[in-house]
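Visitor: Quick one: this structure, given as structure tokens, is what I'll be asking you about.
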Amino acid sequence: MEKVRLQKAIADSGVTSRRKAEQLITDGRVSVNGEVVAELGSKVAAGDRIEVDGIPLTSEEKVHILYYKPTGEISAVADDRRRSTVADAFKQMDVRLYPVGRLDYDTSGILLMTNDGEFTQYMTHPKFEMSKTYRVKINGILKREQQKEMRKGIMLEDGRTAPAGVKVIRDKKDRQMILELTIHEGRNRQVRRMFEHFGLEVLKLTRIRYDFLTLDGLAEGEYRFLKPHEVKKLIANAKDE
């Protein structure tokens with residue numbers, strides 16, 4: 001009987017991503033056939049009973065959603081401070097969805113929601129370098145020399161950024177500027193920190209493109225299901241990076 005790694009079985013069930021499943025295991029929150037398993041090398045067979053925090057895993061149909069996240073929502077399934085989360089918009093669905101990666105509380109735009117752990121792995125693992133484009137409104141002017149620096153990569157406190165795409169949309173009005181910034185990384189607050197590096201404040205930030213996906217046809221708080229060919233294309237593009 002073919003066996004798979006425990007973290008893969010957890011991710012495939014739709015509970016969380018494979019990387020987070022590994023953390024659940026090492027934290028001692030996973031049991032197999034009644035026995036707690038805390039080693040990442042463990043494997044399970046199809047008939048094994050897997051529980052996370054005492055709740056048995058069930059196989060769910062894979063769901064992939066493009067959500068236009070508004071500002072003021074936490075990119076999480078739950079929040080201990082009882083703030084609104086992106087999962088709240090999908091409470092009516094009989095499926096456990098979680099965000100693919102994250103968008104900051106005060107950032108809006110494309111956020112993928114899914115219960116597909118393998119898909120999440122492709123979308124979020126650094127080696128796949130999925131491109132993401134942000135519309136950025138700043139308080140001030142990003143000079144041409146600074147734009148060139150961003151295109152080459154700038155040094156932040158957690159290391160040099162990868163080269164970014166920079167496109168000026170509105171040069172200046174009332175000392176404010178609008179740009180589109182395309183990056184392939186997913187560091188915490190990266191876009192804001194890139195502008196802060198030059199002493200500029202981000203006034204508004206929206207993720208308008210995720211690989212080939214856009215917000216076309218959606219208003220804030222709305223969502224649509226990804227088509228099967230879109231899911232396949234996203235995974236194929238990740239593999240090609």
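Chain lettering (A, B, ...) mirrors the order of the structure tokens, residue numbering begins at 1 for each chain separately, and ligand numbering begins at 1 in order of display.
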I'd like a table as a Markdown table: residues in segment 16-134 of chain A with an atom no more than 9 Å from segment 206-220 of chain A, each row giving the shortest atom pair and its distance in Å to one decimal, only C-alpha atoms counted, sorted by chain and rising residue number.
Guide:
| residue | atom | partner | partner_atom | distance |
| --- | --- | --- | --- | --- |
| A:Leu66 | CA | A:Leu213 | CA | 8.4 |
| A:Tyr67 | CA | A:Glu220 | CA | 8.4 |
| A:Tyr68 | CA | A:Glu220 | CA | 5.2 |
| A:Lys69 | CA | A:Glu220 | CA | 6.1 |
| A:Pro70 | CA | A:Glu220 | CA | 5.3 |
| A:Thr71 | CA | A:Glu220 | CA | 8.7 |
| A:Leu103 | CA | A:Arg207 | CA | 8.5 |
| A:Thr107 | CA | A:Thr206 | CA | 5.8 |
| A:Ser108 | CA | A:Thr206 | CA | 4.7 |
| A:Gly109 | CA | A:Arg207 | CA | 4.4 |
| A:Ile110 | CA | A:Arg207 | CA | 5.5 |
| A:Leu111 | CA | A:Arg207 | CA | 8.2 |
| A:Leu112 | CA | A:Tyr210 | CA | 8.9 |
| A:Met130 | CA | A:Asp211 | CA | 6.2 |
| A:Ser131 | CA | A:Asp211 | CA | 5.0 |
| A:Lys132 | CA | A:Tyr210 | CA | 4.6 |
| A:Thr133 | CA | A:Arg209 | CA | 4.9 |
| A:Tyr134 | CA | A:Arg207 | CA | 4.2 |
Visitor: For the selection just defined, write its residues with N, CA and C atoms to a file, as a CSV table (one decimal), in the first residue's frame.
Guide:
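What ended up in part.csv:
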chain,number,residue,atom,x,y,z
A,66,LEU,N,-10.6,33.8,-6.3
A,66,LEU,CA,-9.9,35.1,-6.3
A,66,LEU,C,-10.8,36.0,-5.6
A,67,TYR,N,-10.3,36.6,-4.5
A,67,TYR,CA,-11.1,37.5,-3.6
A,67,TYR,C,-10.5,38.9,-3.7
A,68,TYR,N,-11.3,39.9,-3.9
A,68,TYR,CA,-10.9,41.3,-3.8
A,68,TYR,C,-11.0,41.7,-2.4
A,69,LYS,N,-9.9,41.5,-1.7
A,69,LYS,CA,-9.8,41.9,-0.3
A,69,LYS,C,-9.9,43.4,0.0
A,70,PRO,N,-10.8,43.8,0.8
A,70,PRO,CA,-10.9,45.2,1.2
A,70,PRO,C,-9.8,45.5,2.3
A,71,THR,N,-9.5,46.8,2.5
A,71,THR,CA,-8.7,47.1,3.6
A,71,THR,C,-9.5,46.8,4.9
A,103,LEU,N,-2.1,39.6,2.6
A,103,LEU,CA,-2.1,41.0,2.4
A,103,LEU,C,-2.2,41.7,3.7
A,107,THR,N,-4.0,46.9,3.3
A,107,THR,CA,-3.8,46.7,1.8
A,107,THR,C,-5.0,46.0,1.3
A,108,SER,N,-5.4,46.4,0.1
A,108,SER,CA,-6.5,45.8,-0.6
A,108,SER,C,-6.0,45.1,-1.8
A,109,GLY,N,-6.9,44.3,-2.5
A,109,GLY,CA,-6.6,43.7,-3.8
A,109,GLY,C,-6.7,42.2,-3.8
A,110,ILE,N,-6.0,41.6,-4.8
A,110,ILE,CA,-6.2,40.2,-5.1
A,110,ILE,C,-5.6,39.4,-3.9
A,111,LEU,N,-6.4,38.5,-3.4
A,111,LEU,CA,-6.0,37.5,-2.4
A,111,LEU,C,-6.6,36.2,-2.8
A,112,LEU,N,-5.8,35.1,-3.0
A,112,LEU,CA,-6.4,33.8,-3.4
A,112,LEU,C,-6.8,33.1,-2.1
A,130,MET,N,6.3,33.8,-7.9
A,130,MET,CA,5.1,34.3,-8.6
A,130,MET,C,5.1,35.8,-8.6
A,131,SER,N,4.8,36.4,-9.8
A,131,SER,CA,4.8,37.9,-9.9
A,131,SER,C,3.5,38.5,-9.4
A,132,LYS,N,3.7,39.6,-8.7
A,132,LYS,CA,2.5,40.3,-8.1
A,132,LYS,C,2.7,41.8,-8.4
A,133,THR,N,1.7,42.5,-8.9
A,133,THR,CA,1.7,43.9,-9.2
A,133,THR,C,0.8,44.7,-8.3
A,134,TYR,N,1.4,45.8,-7.8
A,134,TYR,CA,0.7,46.6,-6.9
A,134,TYR,C,0.5,48.0,-7.4
Visitor: Near Ile235 of chain A, counting only C-alpha atoms, which residues have an atom at most 9 Å away, once you skip same-chain residues fewer than 3 positions from it, shown as JSON, numbers by chain?
Guide: {"A": [119, 122, 123, 230, 231, 232, 238, 239, 240]}
Visitor: What is the distance between atom CA of Ile55 of chain A and atom CA of Glu73 of chain A, in Å to one decimal?
Guide: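 Value for the atom CA of Ile55 of chain A-atom CA of Glu73 of chain A distance: 26.9 Å.
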Visitor: When you look at Ile178 of chain A with a cut-off of 6 Å (counting only C-alpha atoms), what residues show up, excluding the ones that are within fewer than 2 positions of it in the same chain? I need them as JSON, numbers by chain.
Guide: {"A": [136, 137, 169, 170]}
Visitor: Residues near Ser17 of chain A, anyone? I mean within 8 Å using only C-alpha atoms, not counting same-chain ones fewer than 5 positions away, as a count of residues only.
Guide: 6
Visitor: As a PyMOL selection string, please: every residue in segment 17-61 of chain A that DSSP puts in helix (DSSP H, G or I).
Guide: chain A and resi 18-26
Visitor: Each residue of segment 175-237 of chain A with at least one atom at most 9 Å from segment 162-168 of chain A should appear once, together with its nearest atom pair and the corresponding distance in Å (one decimal); atoms considered: only C-alpha atoms; ordering: chain, then increasing residue number; output as CSV.
Guide:
residue,atom,partner,partner_atom,distance
A:Met177,CA,A:Val168,CA,8.0
A:Ile178,CA,A:Val168,CA,6.4
A:Leu179,CA,A:Val168,CA,4.4
A:Glu180,CA,A:Lys167,CA,5.1
A:Leu181,CA,A:Val166,CA,4.9
A:Thr182,CA,A:Gly165,CA,4.7
A:Ile183,CA,A:Ala164,CA,5.1
A:His184,CA,A:Ala162,CA,7.4
A:Glu185,CA,A:Ala162,CA,7.4
Visitor: Return the single residue from A:Ala46, A:Leu205, A:Leu97, A:Val63 that is closest to Asn33 of chain A, with distances computed using only C-alpha atoms.
Guide: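 Result for the nearest residue to Asn33 of chain A: A:Ala46.
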Visitor: Record the distance separating atom CA of Arg192 of chain A and atom CA of Asn237 of chain A, expressed in Å with one decimal.
Guide: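 Pair atom CA of Arg192 of chain A / atom CA of Asn237 of chain A returns 26.5 Å.
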Visitor: Would you please extract all strand (DSSP E) residues from segment 43-223 of chain A, as assigned by DSSP on the backbone, and give them as JSON, numbers by chain?
Guide: {"A": [43, 44, 50, 51, 52, 55, 56, 64, 65, 66, 67, 68, 69, 98, 99, 108, 109, 110, 111, 112, 113, 114, 132, 133, 134, 135, 136, 137, 138, 139, 155, 156, 159, 160, 165, 166, 167, 168, 169, 170, 171, 172, 173, 176, 177, 178, 179, 180, 181, 182, 183, 201, 202, 203, 204, 205, 206, 207, 208, 209, 210, 213, 214, 223]}
Visitor: For those residues, write C-alpha atoms to a file as a compact mmCIF listing (two decimals), in the first residue's frame.
Guide:
# COMPACT_ATOMS: atom_id res chain seq x y z
CA LYS A 43 4.27 8.47 6.51
CA VAL A 44 0.63 7.45 6.42
CA ILE A 50 -5.40 11.51 10.99
CA GLU A 51 -6.51 14.11 13.52
CA VAL A 52 -5.41 17.74 13.94
CA ILE A 55 -10.53 16.84 14.69
CA PRO A 56 -10.44 14.09 12.03
CA HIS A 64 -9.80 28.05 -5.64
CA ILE A 65 -11.13 31.59 -5.28
CA LEU A 66 -9.95 35.05 -6.33
CA TYR A 67 -11.05 37.49 -3.62
CA TYR A 68 -10.92 41.28 -3.83
CA LYS A 69 -9.81 41.86 -0.26
CA TYR A 98 -7.59 29.82 4.08
CA PRO A 99 -5.63 32.62 2.38
CA SER A 108 -6.52 45.78 -0.60
CA GLY A 109 -6.58 43.72 -3.78
CA ILE A 110 -6.16 40.20 -5.07
CA LEU A 111 -5.96 37.48 -2.45
CA LEU A 112 -6.36 33.84 -3.39
CA MET A 113 -8.41 31.63 -1.06
CA THR A 114 -8.29 27.84 -1.19
CA LYS A 132 2.54 40.32 -8.11
CA THR A 133 1.74 43.87 -9.24
CA TYR A 134 0.67 46.64 -6.85
CA ARG A 135 -0.89 50.03 -7.54
CA VAL A 136 0.83 52.40 -5.10
CA LYS A 137 -0.09 55.96 -4.14
CA ILE A 138 2.70 57.72 -2.29
CA ASN A 139 3.05 61.01 -0.44
CA MET A 155 18.99 46.92 0.61
CA LEU A 156 16.40 46.50 3.36
CA GLY A 159 18.50 41.76 2.80
CA ARG A 160 18.56 43.06 -0.75
CA GLY A 165 9.30 46.42 -12.16
CA VAL A 166 8.46 50.13 -11.75
CA LYS A 167 5.94 51.98 -13.91
CA VAL A 168 4.84 55.57 -13.30
CA ILE A 169 1.08 56.03 -13.71
CA ARG A 170 0.72 59.62 -12.48
CA ASP A 171 3.84 61.69 -12.15
CA LYS A 172 2.77 64.22 -9.55
CA LYS A 173 -0.31 66.02 -8.33
CA GLN A 176 1.52 62.74 -4.65
CA MET A 177 2.54 60.08 -7.14
CA ILE A 178 0.94 56.85 -8.39
CA LEU A 179 3.05 53.93 -9.58
CA GLU A 180 2.75 50.24 -10.36
CA LEU A 181 5.33 48.03 -8.69
CA THR A 182 5.86 44.39 -9.71
CA ILE A 183 7.76 42.09 -7.36
CA GLU A 201 4.91 57.14 2.79
CA VAL A 202 2.47 54.80 1.05
CA LEU A 203 -1.00 56.34 1.21
CA LYS A 204 -2.87 53.59 -0.63
CA LEU A 205 -1.82 50.12 -1.72
CA THR A 206 -3.76 47.67 -3.89
CA ARG A 207 -2.57 44.39 -5.40
CA ILE A 208 -4.02 44.60 -8.91
CA ARG A 209 -2.42 41.57 -10.54
CA TYR A 210 -1.34 38.11 -9.41
CA LEU A 213 -5.02 37.27 -12.78
CA THR A 214 -6.60 40.73 -12.43
CA TYR A 223 -14.94 37.16 -5.29
Visitor: Point out the residue among A:Lys143, A:Arg5, A:Lys233, A:Lys152 with the least atom-to-atom distance to Val37 of chain A, counting only C-alpha atoms.
Guide: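 Distance minimum relative to Val37 of chain A lands on A:Arg5.
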